[in-house]
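What follows is entry33.txt (compact mmCIF, C-alpha atoms and all ligand atoms).
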```txt
# COMPACT_ATOMS: atom_id res chain seq x y z
CA ALA J 554 114.96 97.33 56.01
CA LYS J 555 115.72 100.51 54.03
CA GLY J 556 113.77 100.49 50.77
CA SER J 557 111.23 97.86 51.80
CA CYS J 558 109.71 98.90 55.13
CA GLN J 559 106.29 100.51 55.37
CA ILE J 560 105.00 103.09 57.81
CA GLY J 561 102.82 100.58 59.72
CA GLY J 562 105.84 98.30 60.16
CA ILE J 563 108.05 101.20 61.22
CA ALA J 564 105.55 102.20 63.92
CA SER J 565 104.81 98.64 65.04
CA THR J 566 108.49 97.82 65.48
CA ASN J 567 109.46 101.27 66.83
CA ALA J 568 112.18 101.28 64.18
CA GLY J 569 115.38 103.24 64.57
CA GLY J 570 118.42 103.43 62.29
CA SER J 571 121.58 105.47 62.02
CA ASN J 572 120.16 108.87 62.98
CA VAL J 573 118.46 107.95 66.26
CA LEU J 574 121.16 109.92 68.05
CA LEU J 575 119.62 113.14 66.73
CA ASN J 576 116.06 112.23 65.73
CA GLY J 577 115.05 109.53 68.21
CA MET J 578 113.23 106.27 67.45
CA ALA J 579 109.89 106.04 65.57
CA ARG J 580 108.17 106.51 68.94
CA ASP J 581 109.66 109.99 69.28
CA ASN J 582 108.30 111.07 65.90
CA ILE J 583 104.67 109.93 66.12
CA LEU J 584 102.09 112.34 67.50
CA GLY J 585 98.93 110.34 67.00
CA ILE J 586 97.58 106.99 65.83
CA GLU J 587 94.34 105.45 64.63
CA ALA J 588 94.15 101.72 65.26
CA VAL J 589 91.66 98.88 64.91
CA LEU J 590 91.32 96.70 68.00
CA ALA J 591 90.90 92.92 68.01
CA ASP J 592 87.12 93.29 68.55
CA GLY J 593 86.81 95.63 65.55
CA ARG J 594 86.47 98.91 67.45
CA ILE J 595 88.46 101.84 66.10
CA VAL J 596 90.59 103.86 68.53
CA ASN J 597 91.02 107.38 67.29
CA SER J 598 94.13 108.71 68.99
CA THR J 599 95.15 110.92 66.07
CA ASN J 600 96.52 113.66 68.25
CA VAL J 601 98.36 116.53 66.54
CA LEU J 602 99.38 118.36 69.72
CA LEU J 603 102.89 118.35 71.15
CA LYS J 604 101.44 118.86 74.61
CA ASN J 605 98.51 116.69 75.61
CA ASN J 606 98.69 115.35 79.16
CA THR J 607 95.22 113.84 79.33
CA GLY J 608 95.70 110.44 80.88
CA TYR J 609 97.41 107.36 79.48
CA ASP J 610 99.26 107.91 76.20
CA LEU J 611 97.52 105.03 74.42
CA LYS J 612 99.37 105.41 71.11
CA GLN J 613 102.57 104.32 72.87
CA LEU J 614 100.93 100.93 73.49
CA PHE J 615 100.56 100.38 69.75
CA ILE J 616 104.07 101.61 68.88
CA GLY J 617 106.63 98.82 69.22
CA SER J 618 104.06 96.14 70.10
CA GLU J 619 104.65 94.33 66.77
CA GLY J 620 100.98 94.18 65.79
CA THR J 621 100.01 92.17 68.87
CA LEU J 622 97.52 94.70 70.28
CA ALA J 623 95.91 96.39 67.24
CA VAL J 624 96.28 97.13 63.54
CA ILE J 625 97.54 100.67 62.95
CA THR J 626 95.56 102.33 60.17
CA ARG J 627 96.59 106.02 60.37
CA LEU J 628 99.43 108.06 61.82
CA ASN J 629 100.21 111.69 62.49
CA LEU J 630 103.94 112.25 62.24
CA LYS J 631 106.02 115.00 63.76
CA LEU J 632 107.76 116.33 60.65
CA GLY J 633 111.01 118.28 60.66
CA TYR J 634 113.10 120.01 58.02
CA LEU J 635 115.68 118.13 55.99
CA PRO J 636 119.13 119.40 56.99
CA PRO J 637 120.53 121.63 54.21
CA ALA J 638 123.84 119.75 54.28
CA LYS J 639 125.42 116.72 55.92
CA HIS J 640 129.10 116.05 56.38
CA SER J 641 130.61 112.64 57.08
CA ALA J 642 134.05 111.55 58.17
CA LEU J 643 135.79 108.28 58.96
CA LEU J 644 138.13 108.15 61.95
CA ALA J 645 140.72 105.56 62.94
CA VAL J 646 140.87 105.14 66.72
CA SER J 647 143.22 103.12 68.90
CA ASN J 648 140.91 102.22 71.79
CA PHE J 649 137.23 102.11 72.75
CA GLU J 650 137.58 104.67 75.56
CA HIS J 651 138.76 107.17 72.96
CA CYS J 652 135.69 106.38 70.83
CA LEU J 653 133.43 107.35 73.75
CA THR J 654 135.37 110.54 74.50
CA ILE J 655 135.22 111.48 70.80
CA LYS J 656 131.44 111.12 70.81
CA GLN J 657 131.03 113.40 73.84
CA GLN J 658 133.47 115.97 72.52
CA LEU J 659 131.88 116.10 69.05
CA GLN J 660 128.38 116.46 70.49
CA ARG J 661 129.60 119.45 72.48
CA GLN J 662 131.60 121.06 69.67
CA LEU J 663 128.96 120.48 67.00
CA ASN J 664 126.19 121.95 69.16
CA ASP J 665 124.35 118.63 69.42
CA GLN J 666 124.08 118.32 65.63
CA LEU J 667 126.05 115.05 65.56
CA SER J 668 123.51 112.90 63.69
CA ALA J 669 125.34 109.55 63.51
CA PHE J 670 128.11 107.85 65.45
CA GLU J 671 128.84 104.38 64.10
CA VAL J 672 131.72 102.23 65.33
CA MET J 673 133.22 99.31 63.40
CA TRP J 674 135.65 96.95 65.10
CA GLN J 675 138.81 96.15 63.10
CA ASP J 676 137.68 92.71 61.82
CA PHE J 677 134.44 94.15 60.47
CA TYR J 678 136.13 97.09 58.70
CA GLU J 679 138.82 94.91 57.16
CA LYS J 680 136.35 92.36 55.84
CA SER J 681 134.07 95.07 54.49
CA ILE J 682 136.75 97.02 52.57
CA LYS J 683 138.00 93.84 50.88
CA SER J 684 134.66 93.48 49.17
CA ASP J 685 134.18 94.46 45.51
CA TYR J 686 131.24 96.61 46.58
CA ILE J 687 133.60 99.15 48.15
CA GLU J 688 135.16 101.28 45.45
CA ARG J 689 137.80 103.04 47.57
CA LYS J 690 139.48 102.14 50.84
CA PRO J 691 139.40 105.50 52.64
CA LEU J 692 141.68 104.44 55.52
CA PRO J 693 144.19 101.57 55.62
CA ALA J 694 143.55 98.39 57.60
CA GLY J 695 145.23 97.80 60.95
CA HIS J 696 143.48 100.20 63.35
CA PRO J 697 141.51 98.66 66.25
CA TYR J 698 138.39 100.84 65.67
CA TYR J 699 136.89 102.85 62.82
CA VAL J 700 134.20 105.45 63.49
CA ILE J 701 131.84 107.09 61.01
CA VAL J 702 130.56 110.43 62.23
CA GLU J 703 127.90 112.50 60.51
CA TYR J 704 127.18 116.17 61.15
CA ASN J 705 123.92 117.87 60.17
CA SER J 706 125.22 121.27 59.27
CA GLY J 707 123.64 124.37 57.83
CA ALA J 708 124.33 125.67 54.31
CA ASN J 709 126.61 128.42 55.63
CA PRO J 710 130.31 127.54 54.96
CA ALA J 711 131.11 128.46 58.59
CA PHE J 712 129.44 125.21 59.60
CA GLU J 713 132.01 123.28 57.57
CA ASP J 714 134.78 125.07 59.44
CA ILE J 715 133.25 123.98 62.74
CA PHE J 716 133.39 120.33 61.58
CA MET J 717 136.99 120.65 60.34
CA THR J 718 138.09 122.29 63.59
CA ALA J 719 136.39 119.63 65.70
CA LEU J 720 138.07 116.80 63.75
CA ASN J 721 141.43 118.54 63.78
CA ASP J 722 141.19 118.88 67.58
CA LEU J 723 140.69 115.10 67.83
CA LEU J 724 143.92 114.50 65.90
CA GLU J 725 145.89 117.04 67.93
CA GLN J 726 144.66 115.58 71.23
CA GLY J 727 145.63 112.08 70.09
CA LEU J 728 142.03 110.84 70.36
CA ALA J 729 141.91 109.94 66.66
CA ASP J 730 144.92 108.51 64.82
CA ASP J 731 143.72 109.31 61.32
CA VAL J 732 140.73 111.07 59.74
CA VAL J 733 139.29 111.22 56.26
CA ILE J 734 136.48 113.62 55.40
CA ALA J 735 134.09 112.84 52.54
CA GLN J 736 134.47 115.67 50.00
CA ASN J 737 131.27 115.06 48.06
CA SER J 738 128.14 112.90 48.06
CA THR J 739 129.88 110.03 46.19
CA GLU J 740 132.59 109.82 48.84
CA GLN J 741 129.94 110.10 51.53
CA LYS J 742 128.04 107.13 50.03
CA ASN J 743 131.27 105.17 49.83
CA LEU J 744 131.96 105.73 53.55
CA TRP J 745 128.48 104.59 54.50
CA ALA J 746 128.71 101.58 52.17
CA ILE J 747 131.55 100.26 54.34
CA ARG J 748 129.24 100.27 57.35
CA GLU J 749 126.09 99.09 55.57
CA ASN J 750 127.72 96.54 53.29
CA ILE J 751 126.73 93.07 54.49
CA GLU J 752 127.47 91.20 51.25
CA PRO J 753 130.94 89.94 52.33
CA PHE J 754 129.37 88.38 55.42
CA ARG J 755 126.80 86.57 53.29
CA SER J 756 129.11 85.29 50.60
CA ASP J 757 130.86 82.56 52.65
CA GLY J 758 127.79 80.96 54.24
CA ASN J 759 124.67 81.74 56.25
CA MET J 760 124.77 85.10 57.95
CA VAL J 761 123.41 85.24 61.50
CA ALA J 762 123.00 88.79 62.80
CA PHE J 763 122.31 90.13 66.28
CA ASP J 764 121.05 93.48 67.50
CA ILE J 765 121.61 94.09 71.21
CA SER J 766 122.20 97.07 73.46
CA MET J 767 123.96 97.79 76.73
CA PRO J 768 125.57 100.74 78.50
CA THR J 769 128.74 101.60 76.58
CA LYS J 770 130.82 101.21 79.77
CA HIS J 771 130.20 97.42 79.51
CA MET J 772 130.77 97.05 75.77
CA THR J 773 134.43 96.07 75.65
CA ALA J 774 133.90 93.56 78.50
CA TYR J 775 130.99 92.08 76.53
CA VAL J 776 133.01 91.82 73.31
CA ASP J 777 135.80 90.08 75.28
CA ARG J 778 133.25 87.66 76.79
CA ILE J 779 132.01 86.67 73.33
CA ARG J 780 135.53 86.17 71.99
CA GLN J 781 136.51 84.15 75.08
CA THR J 782 133.42 81.96 74.72
CA MET J 783 134.25 81.29 71.07
CA THR J 784 137.78 80.25 72.06
CA ALA J 785 136.74 78.22 75.13
CA GLU J 786 134.16 76.27 73.13
CA LYS J 787 136.61 75.87 70.23
CA LEU J 788 134.19 77.44 67.77
CA GLN J 789 135.99 78.35 64.56
CA LEU J 790 133.91 81.45 63.88
CA THR J 791 134.77 85.14 63.84
CA PRO J 792 132.26 87.46 65.50
CA TYR J 793 132.16 90.78 63.61
CA PHE J 794 131.21 93.73 65.83
CA PHE J 795 129.83 97.10 64.71
CA GLY J 796 126.84 99.28 65.44
CA HIS J 797 125.08 102.48 66.36
CA ILE J 798 127.36 102.92 69.37
CA GLY J 799 126.11 106.49 69.81
CA ASP J 800 122.83 104.81 70.90
CA CYS J 801 124.50 101.97 72.90
CA ASN J 802 123.40 99.61 70.08
CA LEU J 803 125.79 96.80 69.16
CA HIS J 804 125.38 94.51 66.15
CA ILE J 805 127.20 91.19 65.81
CA ILE J 806 127.44 89.15 62.62
CA PHE J 807 128.57 85.54 62.32
CA THR J 808 128.90 83.68 59.04
CA LEU J 809 128.09 79.99 59.41
CA PRO J 810 129.70 77.85 56.70
CA GLU J 811 127.29 75.36 55.06
CA SER J 812 129.22 72.49 56.69
CA SER J 813 129.12 73.99 60.20
CA SER J 814 127.70 71.95 63.07
CA ILE J 815 127.02 75.17 65.01
CA THR J 816 123.42 76.34 64.74
CA ALA J 817 121.82 79.77 64.96
CA ASP J 818 120.30 78.59 68.28
CA ASP J 819 123.80 77.93 69.66
CA LEU J 820 124.79 81.48 68.72
CA ASP J 821 121.60 82.90 70.32
CA ALA J 822 122.61 81.29 73.60
CA ILE J 823 126.17 82.65 73.41
CA VAL J 824 125.12 86.20 72.51
CA TYR J 825 122.20 86.52 74.93
CA ASP J 826 123.56 84.59 77.93
CA ASN J 827 126.72 86.69 77.88
CA LEU J 828 124.58 89.82 78.37
CA SER J 829 123.78 88.66 81.87
CA GLY J 830 124.67 91.21 84.56
CA LEU J 831 125.44 93.97 82.04
CA SER J 832 122.04 95.80 82.12
CA GLY J 833 121.64 95.04 78.42
CA SER J 834 118.76 94.34 76.05
CA ILE J 835 118.43 91.31 73.76
CA SER J 836 116.83 93.52 71.11
CA ALA J 837 117.76 97.15 70.52
CA GLU J 838 115.79 97.66 67.32
CA HIS J 839 114.63 94.43 65.73
CA GLY J 840 111.95 93.48 68.25
CA ILE J 841 111.12 90.13 69.86
CA GLY J 842 108.86 88.39 67.34
CA LYS J 843 108.85 84.64 67.92
CA ASP J 844 112.57 83.98 67.64
CA ARG J 845 113.67 85.86 70.76
CA LEU J 846 110.63 85.12 72.89
CA LYS J 847 112.37 82.64 75.17
CA TYR J 848 115.11 85.15 75.96
CA LEU J 849 112.70 87.96 76.97
CA PRO J 850 113.25 87.28 80.72
CA LEU J 851 116.89 88.30 80.25
CA SER J 852 115.73 91.85 79.49
CA ARG J 853 112.40 92.14 81.31
CA SER J 854 111.46 91.38 84.91
CA GLU J 855 108.81 88.83 85.88
CA ILE J 856 106.35 91.58 86.82
CA GLU J 857 106.91 93.43 83.53
CA ILE J 858 106.21 90.23 81.58
CA GLU J 859 103.10 89.56 83.68
CA LEU J 860 101.84 93.11 83.00
CA MET J 861 102.44 92.66 79.25
CA ARG J 862 100.49 89.39 79.37
CA THR J 863 97.60 91.13 81.19
CA ILE J 864 97.49 93.89 78.56
CA LYS J 865 97.56 91.34 75.72
CA ARG J 866 94.77 89.22 77.25
CA THR J 867 92.64 92.31 77.97
CA MET J 868 92.97 93.80 74.49
CA ASP J 869 92.97 90.57 72.48
CA SER J 870 91.20 87.93 74.56
CA GLU J 871 90.89 85.51 71.63
CA LEU J 872 94.57 85.95 70.73
CA ILE J 873 93.95 86.71 67.07
CA LEU J 874 96.54 89.48 66.59
CA ASN J 875 100.00 88.08 65.78
CA PRO J 876 99.58 85.18 68.22
CA GLY J 877 102.78 83.83 69.73
CA LYS J 878 104.74 87.04 69.16
CA ILE J 879 106.44 88.93 72.03
CA ILE J 880 104.58 87.17 74.81
CA GLU J 881 103.22 83.68 75.47
CA CYS J 882 99.67 83.75 76.80
C1 LIG E 1 118.25 93.08 57.67
C2 LIG E 1 117.39 93.92 58.57
C3 LIG E 1 117.88 95.13 59.03
C4 LIG E 1 117.09 95.90 59.87
N1 LIG E 1 117.61 97.07 60.28
C5 LIG E 1 116.89 97.81 61.12
C6 LIG E 1 117.42 99.04 61.61
O1 LIG E 1 118.52 99.45 61.27
N2 LIG E 1 116.67 99.73 62.47
C7 LIG E 1 115.47 99.27 62.88
O2 LIG E 1 114.85 99.92 63.70
N3 LIG E 1 114.95 98.12 62.44
C8 LIG E 1 115.61 97.39 61.58
N4 LIG E 1 115.09 96.21 61.15
C9 LIG E 1 113.82 95.71 61.69
C10 LIG E 1 112.56 95.96 60.81
O3 LIG E 1 112.74 95.50 59.52
C11 LIG E 1 112.19 97.42 60.79
O4 LIG E 1 111.83 97.76 62.08
C12 LIG E 1 111.11 97.82 59.75
O5 LIG E 1 110.84 99.19 59.89
C13 LIG E 1 109.83 97.05 59.82
O6 LIG E 1 108.96 97.54 58.78
P1 LIG E 1 108.26 96.57 57.72
O7 LIG E 1 107.29 97.40 56.94
O8 LIG E 1 109.29 95.80 56.99
O9 LIG E 1 107.45 95.66 58.72
P2 LIG E 1 107.06 94.13 58.61
O10 LIG E 1 108.28 93.29 58.67
O11 LIG E 1 106.09 93.94 57.51
O12 LIG E 1 106.28 94.00 59.99
C14 LIG E 1 106.93 94.11 61.22
C15 LIG E 1 105.93 93.81 62.33
O13 LIG E 1 104.96 94.86 62.41
C16 LIG E 1 103.64 94.32 62.21
N5 LIG E 1 102.91 95.31 61.42
C17 LIG E 1 103.17 95.74 60.16
N6 LIG E 1 102.28 96.67 59.79
C18 LIG E 1 101.43 96.85 60.84
C19 LIG E 1 100.30 97.68 61.08
N7 LIG E 1 99.84 98.52 60.16
N8 LIG E 1 99.67 97.59 62.28
C20 LIG E 1 100.11 96.72 63.22
N9 LIG E 1 101.17 95.91 63.05
C21 LIG E 1 101.83 95.97 61.88
C22 LIG E 1 103.83 93.00 61.49
O14 LIG E 1 102.77 92.11 61.76
C23 LIG E 1 105.14 92.51 62.09
O15 LIG E 1 104.95 91.89 63.33
C24 LIG E 1 115.81 95.44 60.28
C25 LIG E 1 115.33 94.23 59.80
C26 LIG E 1 116.09 93.48 58.96
C27 LIG E 1 115.53 92.16 58.48
```

Represent the structure from my file as structure tokens, please.
Ligand SMILES: Cc1cc2nc3c(=O)[nH]c(=O)nc-3n(C[C@H](O)[C@H](O)[C@H](O)COP(=O)(O)OP(=O)(O)OC[C@H]3O[C@@H](n4cnc5c(N)ncnc54)[C@H](O)[C@@H]3O)c2cc1C
Amino acid sequence: AKGSCQIGGIASTNAGGSNVLLNGMARDNILGIEAVLADGRIVNSTNVLLKNNTGYDLKQLFIGSEGTLAVITRLNLKLGYLPPAKHSALLAVSNFEHCLTIKQQLQRQLNDQLSAFEVMWQDFYEKSIKSDYIERKPLPAGHPYYVIVEYNSGANPAFEDIFMTALNDLLEQGLADDVVIAQNSTEQKNLWAIRENIEPFRSDGNMVAFDISMPTKHMTAYVDRIRQTMTAEKLQLTPYFFGHIGDCNLHIIFTLPESSSITADDLDAIVYDNLSGLSGSISAEHGIGKDRLKYLPLSRSEIEIELMRTIKRTMDSELILNPGKIIEC
């Protein structure tokens, strides 16, 4: 929702994005909140202290609760400095295990200043670079995985050398098969456009997108499950996989042709049911809203759901705040 989201929405959905790896989710960047309760009372929790262990951290109830418990009216944010420079590179990788090793190695070599680690599966990359929106194809098609890495470096040229050395090591160790480094901000934008470009997935029909998470050790098994289900049920659809894999966050896009008899509900069932037994979440970033409500028990235990219901009924007994979202009462 870049360009349209507002601060209340960001807090209420505990939004994330591509730099969660370094900066955390919205929750990690909010120090205090003022909110209006369902009965009109104002809770002033506008804390500015980093350390404040004085009972329940009430602001955390309002963050990520999608406007179901209160209306947020003020926020105190934990502000940081903009990094003086960012470097991005695109890597071609032959297998998913290598992607995970690359992430660990870069975090170590870049002193934990790796700010983004985005993986695109081959189908996604190849469809994206064919689009007119992508001016240059930085790496050829044909590799199983493509990874965008971003490094928050200092202005000192020595930081650039650290990045170059780290990427060169990946090539020498055979962890990456090819690497291209963005040389300026235009090339950097072009690399990110490949990852953020959803136009090609919209142009052939209705795009249905998913946002799930799971431990990375289960990710290839999950991707295989989805592909096997598509084949077993003879569904003529390609699932396109990509995501903030540095945060265990996987996105899947399907494009449903106008004539398709498959519905978005059918795809919900395939994507969410296949998460079973993999310790995953049906929503990494996008929240529950009304659409995913019936799948909540796949990610939350009975007692957790009962506790959420108790909180909702206690704070909003007349169910006036976003009724029907997150939890049925
Ligand atoms: C295509 C797409 C891509 C997205 N990508 C990402 C992503 O990469 N990362 C990510 O984290 N999220 C993503 N989102 C989810 C969502 O859009 C973001 O979390 C966004 O920050 C929400 O902000 P908004 O202002 O658009 O909120 P809205 O959509 O206006 O509202 C979101 C919810 O918050 C409630 N709300 C809004 N303001 C307040 C307030 N002041 N007090 C209480 N409740 C309030 C609304 O009632 C609603 O339930 C994406 C969504 C879409 C549609």

- Message: Hey, which residues sit close to ligand LIG 1 (chain E)? Say within 8 Å, counting all atoms listed in the file, and write them as a ChimeraX atom specification.
- Response: /J:554-555,557-571,578,588,615,618-626,837-840,842,875,878

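Comparing the minimum interatomic distances between Ser852 (chain J) and each of J:Asn743, J:Ser756, J:Asn572, J:Ser832, counting all atoms listed in the file, we find that J:Ser832 sits nearest.
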
- Point-to-point distance in Å for CA of Met767 (chain J) and CA of Glu786 (chain J):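 Spanning CA of Glu786 (chain J) to CA of Met767 (chain J) is a straight-line distance of 24.1 Å.
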
- Residue contacts of Glu679 (chain J) (10 Å, all atoms listed in the file) excluding same-chain residues fewer than 3 positions away, as a ChimeraX atom specification: /J:673-676,682-684,690,693-696,699,747

- Find the residue from J:Leu851, J:Ala591, J:Ile815, J:Leu574 that sits nearest to Ser870 (chain J); use all atoms listed in the file when measuring.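 Smallest separation from Ser870 (chain J) among the options: J:Ala591.
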
- Which residue, J:Asn750, J:Asn582, J:Asn759, J:Thr773, has the smallest gap to Phe649 (chain J) when you use all atoms listed in the file? J:Thr773
